[in-house]
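Participant: Have a peek at structure_32.txt (compact mmCIF, C-alpha atoms and all ligand atoms).
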```txt
# COMPACT_ATOMS: atom_id res chain seq x y z
CA MET A 17 97.24 94.65 113.50
CA GLN A 18 97.33 95.64 109.84
CA ALA A 19 94.06 95.59 107.89
CA VAL A 20 92.60 96.85 104.64
CA VAL A 21 89.87 99.42 105.34
CA PHE A 22 87.34 100.83 102.89
CA THR A 23 87.16 104.16 104.77
CA ALA A 24 84.36 105.51 102.53
CA PRO A 25 82.97 104.55 99.11
CA GLU A 26 85.84 104.49 96.56
CA HIS A 27 88.48 104.99 99.31
CA VAL A 28 90.85 102.25 100.42
CA ALA A 29 93.74 102.28 102.90
CA VAL A 30 95.91 99.73 104.68
CA CYS A 31 95.91 100.85 108.34
CA GLN A 32 96.72 99.81 111.87
CA VAL A 33 93.50 98.78 113.63
CA PRO A 34 92.94 97.17 117.06
CA ASP A 35 93.35 93.37 117.21
CA PRO A 36 89.93 91.68 117.36
CA ALA A 37 88.88 89.94 120.58
CA PRO A 38 86.56 86.91 120.41
CA ALA A 39 82.98 87.12 121.71
CA ALA A 40 81.89 84.01 123.66
CA ASP A 41 80.77 82.15 120.50
CA GLU A 42 83.59 83.39 118.25
CA VAL A 43 87.09 82.35 117.26
CA ILE A 44 90.01 84.46 116.07
CA ILE A 45 91.59 83.35 112.81
CA ARG A 46 95.08 84.31 111.66
CA VAL A 47 94.36 84.79 107.96
CA ALA A 48 96.63 82.79 105.64
CA VAL A 49 95.07 83.77 102.30
CA CYS A 50 92.13 85.96 101.28
CA GLY A 51 90.96 86.27 97.66
CA ILE A 52 89.82 89.50 95.97
CA CYS A 53 86.37 89.05 94.46
CA GLY A 54 84.13 91.09 92.16
CA THR A 55 81.77 91.55 95.11
CA ASP A 56 84.55 93.51 96.87
CA LEU A 57 84.46 95.95 93.94
CA HIS A 58 80.69 96.35 94.26
CA ILE A 59 81.13 97.00 98.00
CA PHE A 60 83.94 99.51 97.26
CA ARG A 61 81.68 101.40 94.82
CA ASN A 62 78.82 101.33 97.36
CA GLU A 63 76.73 99.10 95.06
CA TYR A 64 76.13 96.32 97.56
CA GLY A 65 74.42 97.79 100.63
CA SER A 66 77.46 97.75 102.97
CA THR A 67 78.26 100.46 105.50
CA PHE A 68 81.62 102.20 105.84
CA PRO A 69 84.26 101.95 107.21
CA LEU A 70 84.58 98.25 106.43
CA THR A 71 87.38 95.69 106.27
CA PRO A 72 86.37 93.57 103.24
CA GLY A 73 87.34 89.98 102.44
CA HIS A 74 84.98 86.99 102.39
CA GLU A 75 87.06 84.33 100.60
CA PHE A 76 89.64 83.28 103.16
CA ALA A 77 91.24 80.54 105.19
CA GLY A 78 93.62 80.50 108.09
CA GLU A 79 94.41 79.07 111.50
CA VAL A 80 92.40 79.40 114.70
CA VAL A 81 94.59 81.24 117.24
CA ALA A 82 92.07 82.08 120.01
CA VAL A 83 88.59 80.91 120.99
CA GLY A 84 85.73 82.48 122.95
CA ALA A 85 84.61 81.16 126.34
CA ALA A 86 81.68 79.14 124.94
CA VAL A 87 83.50 77.57 121.98
CA SER A 88 84.17 73.80 122.06
CA GLU A 89 85.29 73.52 118.41
CA PRO A 90 87.22 74.32 116.32
CA SER A 91 90.16 74.25 118.71
CA ILE A 92 93.26 76.44 118.62
CA GLY A 93 95.62 75.36 115.84
CA THR A 94 92.89 74.07 113.49
CA ARG A 95 93.14 75.22 109.86
CA VAL A 96 89.72 76.41 108.74
CA ALA A 97 87.80 78.14 105.96
CA VAL A 98 84.91 80.41 106.87
CA ASP A 99 81.41 80.49 105.39
CA PRO A 100 80.91 84.27 105.42
CA ASN A 101 77.11 84.01 105.32
CA LEU A 102 75.81 84.22 108.88
CA SER A 103 72.15 83.32 109.41
CA CYS A 104 70.01 83.48 112.55
CA GLY A 105 68.48 80.00 112.18
CA ALA A 106 65.16 81.25 113.55
CA CYS A 107 63.51 83.51 110.95
CA GLU A 108 60.91 82.33 108.44
CA ASN A 109 63.49 81.98 105.63
CA CYS A 110 65.97 80.08 107.80
CA ARG A 111 63.17 77.69 108.79
CA ARG A 112 62.55 77.03 105.09
CA MET A 113 66.27 76.13 104.76
CA GLN A 114 66.85 79.37 102.83
CA PHE A 115 69.71 80.34 105.12
CA HIS A 116 71.22 82.76 102.60
CA HIS A 117 67.93 84.70 102.59
CA CYS A 118 67.92 85.11 106.39
CA VAL A 119 66.20 88.39 107.30
CA ARG A 120 68.97 88.98 109.87
CA TRP A 121 71.73 87.97 107.39
CA GLN A 122 75.24 89.21 108.17
CA GLY A 123 78.23 88.77 105.90
CA VAL A 124 81.83 88.48 107.07
CA GLY A 125 83.64 91.08 104.94
CA VAL A 126 80.30 92.57 103.84
CA THR A 127 78.49 93.79 106.97
CA ARG A 128 81.23 92.98 109.53
CA PRO A 129 85.05 92.93 109.37
CA GLY A 130 86.46 90.42 106.90
CA GLY A 131 89.63 88.63 105.92
CA PHE A 132 91.87 91.32 104.41
CA ALA A 133 93.52 91.67 107.82
CA GLU A 134 96.06 89.80 109.91
CA TYR A 135 93.29 88.53 112.20
CA VAL A 136 89.51 88.25 111.97
CA ALA A 137 86.83 87.30 114.52
CA VAL A 138 84.11 84.96 113.22
CA PRO A 139 81.43 82.79 114.86
CA ALA A 140 82.79 79.29 115.54
CA ARG A 141 79.80 77.77 113.73
CA ALA A 142 80.93 79.45 110.46
CA CYS A 143 84.24 77.53 110.43
CA TYR A 144 84.94 74.43 108.34
CA PRO A 145 88.11 72.43 109.20
CA LEU A 146 90.36 71.84 106.18
CA PRO A 147 91.65 68.45 105.00
CA ASP A 148 95.46 68.18 105.28
CA GLY A 149 96.00 67.89 101.54
CA LEU A 150 94.21 71.17 100.77
CA SER A 151 96.58 74.15 100.39
CA ASP A 152 95.76 77.62 101.73
CA ALA A 153 95.50 78.89 98.14
CA GLN A 154 92.97 76.16 97.31
CA ALA A 155 91.10 76.86 100.53
CA ALA A 156 90.57 80.49 99.49
CA PHE A 157 88.53 79.09 96.56
CA ILE A 158 86.08 77.20 98.80
CA GLU A 159 83.71 80.18 99.08
CA PRO A 160 83.51 80.98 95.35
CA LEU A 161 83.27 77.27 94.50
CA SER A 162 80.42 76.97 97.03
CA CYS A 163 78.60 79.67 95.05
CA VAL A 164 79.23 77.67 91.87
CA ILE A 165 77.85 74.48 93.44
CA HIS A 166 74.81 76.37 94.73
CA ALA A 167 74.22 77.64 91.16
CA LEU A 168 74.54 74.08 89.80
CA ARG A 169 71.96 72.88 92.33
CA ARG A 170 69.66 75.73 91.31
CA VAL A 171 69.87 74.92 87.59
CA ARG A 172 69.64 71.09 87.79
CA LEU A 173 71.44 70.74 84.46
CA PRO A 174 69.97 68.01 82.23
CA PRO A 175 72.81 65.60 81.20
CA GLY A 176 74.25 66.51 77.80
CA GLU A 177 72.97 70.11 77.85
CA ASP A 178 74.58 72.63 75.49
CA VAL A 179 75.77 75.56 77.61
CA LEU A 180 76.82 79.13 76.83
CA LEU A 181 78.73 81.02 79.51
CA LEU A 182 79.00 84.79 79.14
CA GLY A 183 82.13 85.90 81.01
CA GLY A 184 85.36 83.94 81.52
CA GLY A 185 86.81 85.63 84.60
CA PRO A 186 88.26 83.51 87.42
CA ILE A 187 84.86 82.60 88.86
CA GLY A 188 83.39 82.16 85.39
CA LEU A 189 86.11 79.59 84.71
CA LEU A 190 85.36 77.87 88.01
CA LEU A 191 81.69 77.75 86.99
CA ALA A 192 82.64 76.49 83.51
CA GLN A 193 84.51 73.55 85.07
CA GLY A 194 81.56 72.87 87.37
CA LEU A 195 79.07 72.93 84.49
CA ALA A 196 81.23 70.48 82.53
CA ARG A 197 81.51 68.19 85.55
CA ALA A 198 77.74 68.45 86.10
CA GLY A 199 77.01 66.99 82.66
CA ALA A 200 77.15 69.74 80.02
CA SER A 201 78.01 68.40 76.55
CA ARG A 202 80.12 71.54 76.07
CA VAL A 203 80.55 74.94 77.66
CA VAL A 204 81.03 77.69 75.08
CA ILE A 205 82.66 80.72 76.74
CA VAL A 206 82.44 84.36 75.61
CA GLU A 207 85.08 86.70 77.07
CA ARG A 208 86.57 90.08 76.23
CA GLN A 209 90.11 89.99 77.74
CA PRO A 210 92.72 88.25 75.53
CA GLU A 211 94.57 86.65 78.51
CA ARG A 212 91.33 85.26 79.89
CA LEU A 213 90.39 83.93 76.43
CA ALA A 214 93.67 82.04 76.28
CA LEU A 215 93.17 80.64 79.77
CA ALA A 216 89.56 79.65 78.95
CA ARG A 217 90.82 77.77 75.88
CA SER A 218 93.31 75.82 78.01
CA PHE A 219 90.45 74.11 79.87
CA HIS A 220 89.12 72.51 76.61
CA LEU A 221 85.47 72.70 77.67
CA GLY A 222 84.10 73.98 74.34
CA ASP A 223 84.62 76.82 71.86
CA VAL A 224 85.93 80.11 73.26
CA VAL A 225 84.60 83.23 71.54
CA ALA A 226 86.00 86.77 71.74
CA ALA A 227 83.32 89.25 72.82
CA GLY A 228 82.72 91.88 70.15
CA PRO A 229 80.87 92.64 66.95
CA ASP A 230 81.44 89.15 65.46
CA GLN A 231 80.34 87.30 68.58
CA ASP A 232 76.64 86.77 67.77
CA GLY A 233 77.40 85.48 64.26
CA ILE A 234 79.88 82.94 65.66
CA LEU A 235 77.45 81.84 68.38
CA HIS A 236 74.73 81.39 65.77
CA THR A 237 77.03 79.15 63.74
CA LEU A 238 77.93 77.12 66.85
CA ALA A 239 74.30 76.70 67.97
CA PRO A 240 71.85 77.73 65.21
CA ARG A 241 68.80 77.11 67.42
CA GLY A 242 70.37 78.52 70.57
CA PHE A 243 71.76 77.01 73.78
CA GLY A 244 69.85 74.96 76.33
CA LEU A 245 71.38 76.98 79.16
CA VAL A 246 72.86 80.46 78.99
CA VAL A 247 74.62 81.80 82.10
CA ASP A 248 75.67 85.38 82.70
CA ALA A 249 78.90 85.61 84.68
CA THR A 250 79.70 89.22 83.72
CA GLY A 251 77.12 91.19 85.74
CA GLN A 252 77.09 93.68 82.84
CA PRO A 253 73.56 94.91 82.05
CA ALA A 254 74.34 95.27 78.30
CA VAL A 255 75.42 91.60 78.17
CA ILE A 256 72.48 90.42 80.30
CA GLU A 257 69.96 92.24 78.10
CA ARG A 258 71.00 90.21 75.07
CA ALA A 259 71.43 86.88 76.88
CA PRO A 260 67.88 85.45 76.43
CA GLY A 261 68.35 85.82 72.66
CA HIS A 262 70.94 83.00 72.85
CA VAL A 263 68.58 80.53 74.62
CA ARG A 264 66.84 77.87 72.52
CA PRO A 265 63.06 77.38 72.94
CA GLY A 266 62.36 75.67 76.27
CA GLY A 267 65.83 76.54 77.58
CA SER A 268 67.02 78.49 80.61
CA PHE A 269 68.88 81.65 81.46
CA MET A 270 70.68 81.92 84.80
CA GLN A 271 71.90 85.17 86.38
CA PHE A 272 75.14 84.27 88.19
CA GLY A 273 77.16 87.51 87.84
CA VAL A 274 76.56 90.39 90.25
CA ALA A 275 75.02 93.36 88.42
CA PRO A 276 75.06 96.78 90.11
CA MET A 277 72.06 97.25 92.42
CA GLY A 278 69.40 99.28 90.59
CA ALA A 279 70.67 98.46 87.09
CA MET A 280 67.83 97.62 84.66
CA VAL A 281 67.58 95.61 81.41
CA ARG A 282 64.83 95.37 78.79
CA TRP A 283 63.50 91.89 77.91
CA GLU A 284 60.48 91.09 75.74
CA PRO A 285 57.88 89.25 77.90
CA TYR A 286 56.21 87.91 74.73
CA ASP A 287 59.50 86.19 73.80
CA ILE A 288 59.84 84.62 77.27
CA PHE A 289 56.18 83.44 76.98
CA ARG A 290 56.29 82.24 73.39
CA ARG A 291 59.61 80.39 73.63
CA GLU A 292 58.94 79.14 77.19
CA LEU A 293 62.19 80.42 78.67
CA THR A 294 63.09 79.75 82.30
CA ILE A 295 64.74 82.70 84.06
CA LEU A 296 66.72 81.71 87.14
CA GLY A 297 68.64 83.62 89.79
CA THR A 298 71.38 82.27 92.02
CA PHE A 299 72.72 84.16 95.03
CA ALA A 300 75.72 83.33 97.16
CA LEU A 301 75.59 79.83 98.61
CA CYS A 302 73.44 77.75 100.87
CA TYR A 303 75.38 75.21 102.93
CA THR A 304 77.51 74.12 99.96
CA PHE A 305 80.89 74.43 101.71
CA GLY A 306 81.03 70.65 102.25
CA PRO A 307 80.83 69.64 98.58
CA ALA A 308 83.14 72.52 97.59
CA ILE A 309 85.81 71.27 100.01
CA ASP A 310 85.40 67.74 98.60
CA TRP A 311 85.71 68.91 94.97
CA LEU A 312 88.87 70.88 95.76
CA ALA A 313 90.45 68.19 97.94
CA ARG A 314 89.84 65.55 95.22
CA GLY A 315 91.12 67.75 92.39
CA VAL A 316 87.78 67.82 90.54
CA VAL A 317 88.29 71.49 89.64
CA GLU A 318 91.59 73.23 88.93
CA THR A 319 92.29 76.50 90.69
CA ALA A 320 96.05 77.15 90.33
CA PRO A 321 95.76 78.58 86.77
CA LEU A 322 93.09 81.03 87.99
CA ILE A 323 95.52 82.89 90.31
CA SER A 324 97.47 85.72 88.63
CA ASP A 325 98.85 87.55 91.68
CA THR A 326 99.79 86.71 95.28
CA LEU A 327 100.85 89.64 97.47
CA PRO A 328 101.02 90.99 101.03
CA LEU A 329 98.43 93.37 102.57
CA ALA A 330 100.60 96.37 101.71
CA GLY A 331 100.07 95.69 98.01
CA PHE A 332 96.28 95.60 98.28
CA ALA A 333 95.33 99.05 96.90
CA ASP A 334 97.42 98.69 93.76
CA ALA A 335 96.28 95.10 93.08
CA PHE A 336 92.65 96.04 93.75
CA ALA A 337 92.86 98.84 91.17
CA ARG A 338 94.35 96.46 88.59
CA PHE A 339 91.67 93.88 89.45
CA GLY A 340 89.01 96.58 88.93
CA ARG A 341 90.39 97.32 85.47
CA GLY A 342 90.17 93.63 84.57
CA GLU A 343 93.97 93.31 84.35
CA THR A 344 94.27 90.37 86.74
CA LEU A 345 92.70 86.99 87.35
CA LYS A 346 92.14 85.94 90.96
CA VAL A 347 94.33 87.94 93.33
CA HIS A 348 95.38 86.28 96.59
CA VAL A 349 96.40 88.43 99.55
CA ARG A 350 98.60 86.79 102.19
CA PRO A 351 98.45 88.92 105.35
ZN ZN B 401 83.25 86.45 96.45
ZN ZN B 402 67.27 83.86 109.71
```
Represent the structure contained in this file as structure tokens.

Facilitator:
Amino acid sequence: MQAVVFTAPEHVAVCQVPDPAPAADEVIIRVAVCGICGTDLHIFRNEYGSTFPLTPGHEFAGEVVAVGAAVSEPSIGTRVAVDPNLSCGACENCRRMQFHHCVRWQGVGVTRPGGFAEYVAVPARACYPLPDGLSDAQAAFIEPLSCVIHALRRVRLPPGEDVLLLGGGPIGLLLAQGLARAGASRVVIVERQPERLALARSFHLGDVVAAGPDQDGILHTLAPRGFGLVVDATGQPAVIERAPGHVRPGGSFMQFGVAPMGAMVRWEPYDIFRRELTILGTFALCYTFGPAIDWLARGVVETAPLISDTLPLAGFADAFARFGRGETLKVHVRP
């Protein structure tokens, strides 16, 4: 079959690889759509602890075409999405219901072959059947939306909170919609790319501010005492360093974007102490596929405007490079 392979850090090729065969507890999925994600870039640049060669892709959906000997469901022909986070269920963290912190954690498309391929083998227990009304393109958003819902559960937004979101990329705009739905009075969005600014404005969730030298003055005018919740969705250390300065006393900062491993920022502990700031992390998802499927199936969040490109596997390298330069929104690959 054809598959994308990161042969070594910063090297990508679309190659012929052997078709996967299912282990006893696995199914084979014919991939319908797989989304390119910022995490794929971190993996590509060797900033995410993956080993090479690797077939990436962790945001996908498709149809079950073969099942292992011990699999009772899903059956052949079922359309499914896959939770790429595989936990052991037995370690100390799993037993505290912190499945995403499993000490034996494996990630489909991160530590084992993923969805940028015609076929992928995954454990049957990672599959979620799709409602009929949900398109393949929507289904490829279940994983990122699950991360958004996990973040919303982490932050427990007080109703009416004033929110600042730093970064209006495709997942930022998914998070912005989620924050609005979760009770924010407004979601002010800061973004650098002109096309993304225009798209952010079209959601009418709050003011949209161009990142740059005038940004802090505008934010100060919008919220003179600061925002109750500030969320980083850029992963950029320079942005993250300045984020607590936008939080009002008693407010929270949440790290949602993926910063490069090892990157450091300087914060003033006295400021965090004196103004009683809450600093919160959110990583991946923790059994939030169910609510994400429900939100998508019921049209609670809009995903169609977030897709800029849909292309076959052969177009991956070019689209991935454009994605890396910030020239696209969500890119969907249809193997
Ligand atoms: Zn992702
Ligand atoms: Zn575990």

Participant: 8 Å from ligand ZN 401 (chain B) is the threshold here; counting only C-alpha atoms and all ligand atoms, which polymer residues fall inside it? Answer as a PyMOL selection string.

Facilitator: chain A and resi 51-56+74-75+159-160

Participant: Please identify all polymer residues within 7 Å of Pro265 of chain A, counting all atoms listed in the file, omitting same-chain residues fewer than 4 positions from it, and present them as a compact mmCIF listing (two decimals) with C-alpha atoms, in the coordinates of the input.

Facilitator:
```
# COMPACT_ATOMS: atom_id res chain seq x y z
CA ARG A 291 59.61 80.39 73.63
CA GLU A 292 58.94 79.14 77.19
CA LEU A 293 62.19 80.42 78.67
```

Participant: So that I can check the surroundings of segment 191-196 of chain A, please list as an MDAnalysis selection string every protein, DNA and RNA residue that reaches within 10 Å of it, counting all atoms listed in the file and ignoring chain neighbours fewer than 3 positions away.

Facilitator: chainID A and resid 160:161 163:165 167:168 171 173 175:181 183:188 199:205 216 219:222 247 249 272 311 316:318

Participant: For a cut-off of 8 Å around (89.5, 84.2, 121.0), file coordinates, pick out all residues using only C-alpha atoms and list them as a PDB file with C-alpha atoms, in the coordinates of the input.

Facilitator:
```
ATOM      1  CA  ALA A  37      88.880  89.940 120.580  1.00  0.00           C
ATOM      2  CA  PRO A  38      86.560  86.910 120.410  1.00  0.00           C
ATOM      3  CA  ALA A  39      82.980  87.120 121.710  1.00  0.00           C
ATOM      4  CA  GLU A  42      83.590  83.390 118.250  1.00  0.00           C
ATOM      5  CA  VAL A  43      87.090  82.350 117.260  1.00  0.00           C
ATOM      6  CA  ILE A  44      90.010  84.460 116.070  1.00  0.00           C
ATOM      7  CA  VAL A  81      94.590  81.240 117.240  1.00  0.00           C
ATOM      8  CA  ALA A  82      92.070  82.080 120.010  1.00  0.00           C
ATOM      9  CA  VAL A  83      88.590  80.910 120.990  1.00  0.00           C
ATOM     10  CA  GLY A  84      85.730  82.480 122.950  1.00  0.00           C
ATOM     11  CA  ALA A  85      84.610  81.160 126.340  1.00  0.00           C
ATOM     12  CA  ALA A 137      86.830  87.300 114.520  1.00  0.00           C
TER      13      ALA A 137
END
```

Participant: With all atoms listed in the file as the basis for distance, which of A:Gly105, A:Pro69, A:Pro34, A:Pro351 is at the shortest distance from ligand ZN 402 (chain B)?

Facilitator: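 Closest to ligand ZN 402 (chain B) of all the choices is A:Gly105.
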
Participant: Would you list the contacts of Leu345 of chain A as a list in words, taking every protein, DNA or RNA residue within 8 Å and counting all atoms listed in the file, but skipping same-chain residues closer than 5 positions in sequence?

Facilitator: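 What passes the distance filter is Gly185, Pro186, Arg212, Leu322, Ile323, Ser324, Asp325 and Phe339 of chain A.
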
Participant: With distances taken over all atoms listed in the file, which of A:Phe243, A:Phe76, A:Phe60, A:Phe269 is nearest to Gln154 of chain A?

Facilitator: A:Phe76

Participant: Each residue of chain A with at least one atom at most 8 Å from ligand ZN 402 (chain B) should appear once, together with its nearest atom pair and the corresponding distance in Å (one decimal); atoms considered: all atoms listed in the file; ordering: chain, then increasing residue number; output as a Markdown table.

Facilitator:
```
| residue | atom | partner | partner_atom | distance |
| --- | --- | --- | --- | --- |
| A:Ser103 | CA | B:ZN402 | ZN | 4.9 |
| A:Cys104 | CA | B:ZN402 | ZN | 4.0 |
| A:Gly105 | CA | B:ZN402 | ZN | 4.7 |
| A:Ala106 | CA | B:ZN402 | ZN | 5.1 |
| A:Cys107 | CA | B:ZN402 | ZN | 4.0 |
| A:Glu108 | CA | B:ZN402 | ZN | 6.7 |
| A:Asn109 | CA | B:ZN402 | ZN | 5.9 |
| A:Cys110 | CA | B:ZN402 | ZN | 4.4 |
| A:Arg111 | CA | B:ZN402 | ZN | 7.5 |
| A:Phe115 | CA | B:ZN402 | ZN | 6.3 |
| A:His117 | CA | B:ZN402 | ZN | 7.2 |
| A:Cys118 | CA | B:ZN402 | ZN | 3.6 |
| A:Val119 | CA | B:ZN402 | ZN | 5.2 |
| A:Arg120 | CA | B:ZN402 | ZN | 5.4 |
| A:Trp121 | CA | B:ZN402 | ZN | 6.5 |
```

Participant: Can you write out the residues you just picked, keeping C-alpha atoms, as a compact mmCIF listing (two decimals), in the coordinates of the input?

Facilitator:
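What landed in selection-v3.txt:
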```
# COMPACT_ATOMS: atom_id res chain seq x y z
CA SER A 103 72.15 83.32 109.41
CA CYS A 104 70.01 83.48 112.55
CA GLY A 105 68.48 80.00 112.18
CA ALA A 106 65.16 81.25 113.55
CA CYS A 107 63.51 83.51 110.95
CA GLU A 108 60.91 82.33 108.44
CA ASN A 109 63.49 81.98 105.63
CA CYS A 110 65.97 80.08 107.80
CA ARG A 111 63.17 77.69 108.79
CA PHE A 115 69.71 80.34 105.12
CA HIS A 117 67.93 84.70 102.59
CA CYS A 118 67.92 85.11 106.39
CA VAL A 119 66.20 88.39 107.30
CA ARG A 120 68.97 88.98 109.87
CA TRP A 121 71.73 87.97 107.39
```

Participant: Tell me, in Å to one decimal, how far atom CA of Asp287 of chain A is from atom CA of Asp248 of chain A.

Facilitator: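 Between these atoms lies a distance of 18.5 Å.
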
Participant: Name all residues at most 9 Å from Phe332 of chain A (count only C-alpha atoms; drop same-chain ones fewer than 4 positions away) and give them as number ranges by chain.

Facilitator: A: 20, 28-30, 132, 327-328, 336-337, 349

Participant: Go ahead and save the picked residues with C-alpha atoms, as a tab-separated table (two decimals), in the coordinates of the input.

Facilitator:
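Saved the output as part.tsv:
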```
chain	number	residue	atom	x	y	z
A	20	VAL	CA	92.60	96.85	104.64
A	28	VAL	CA	90.85	102.25	100.42
A	29	ALA	CA	93.74	102.28	102.90
A	30	VAL	CA	95.91	99.73	104.68
A	132	PHE	CA	91.87	91.32	104.41
A	327	LEU	CA	100.85	89.64	97.47
A	328	PRO	CA	101.02	90.99	101.03
A	336	PHE	CA	92.65	96.04	93.75
A	337	ALA	CA	92.86	98.84	91.17
A	349	VAL	CA	96.40	88.43	99.55
```

Participant: What's around Arg208 of chain A at 12 Å? Count only C-alpha atoms, leave out sequence neighbours fewer than 3 positions away in its own chain, and write the answer as a list of chain:residue names.

Facilitator: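 The residues that qualify are A:Leu182, A:Gly183, A:Gly184, A:Gly185, A:Ile205, A:Glu211, A:Arg212, A:Leu213, A:Ala214, A:Ala216, A:Val224, A:Val225, A:Ala226, A:Ala227, A:Gly228, A:Pro229, A:Asp230, A:Gln231, A:Thr250, A:Val255, A:Gly342, A:Glu343.
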
Participant: Figure out the distance between atom CA of Arg341 of chain A and atom CA of Ala24 of chain A, please, to one decimal in Å.

Facilitator: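 Going from atom CA of Ala24 of chain A over to atom CA of Arg341 of chain A, I get 19.9 Å.
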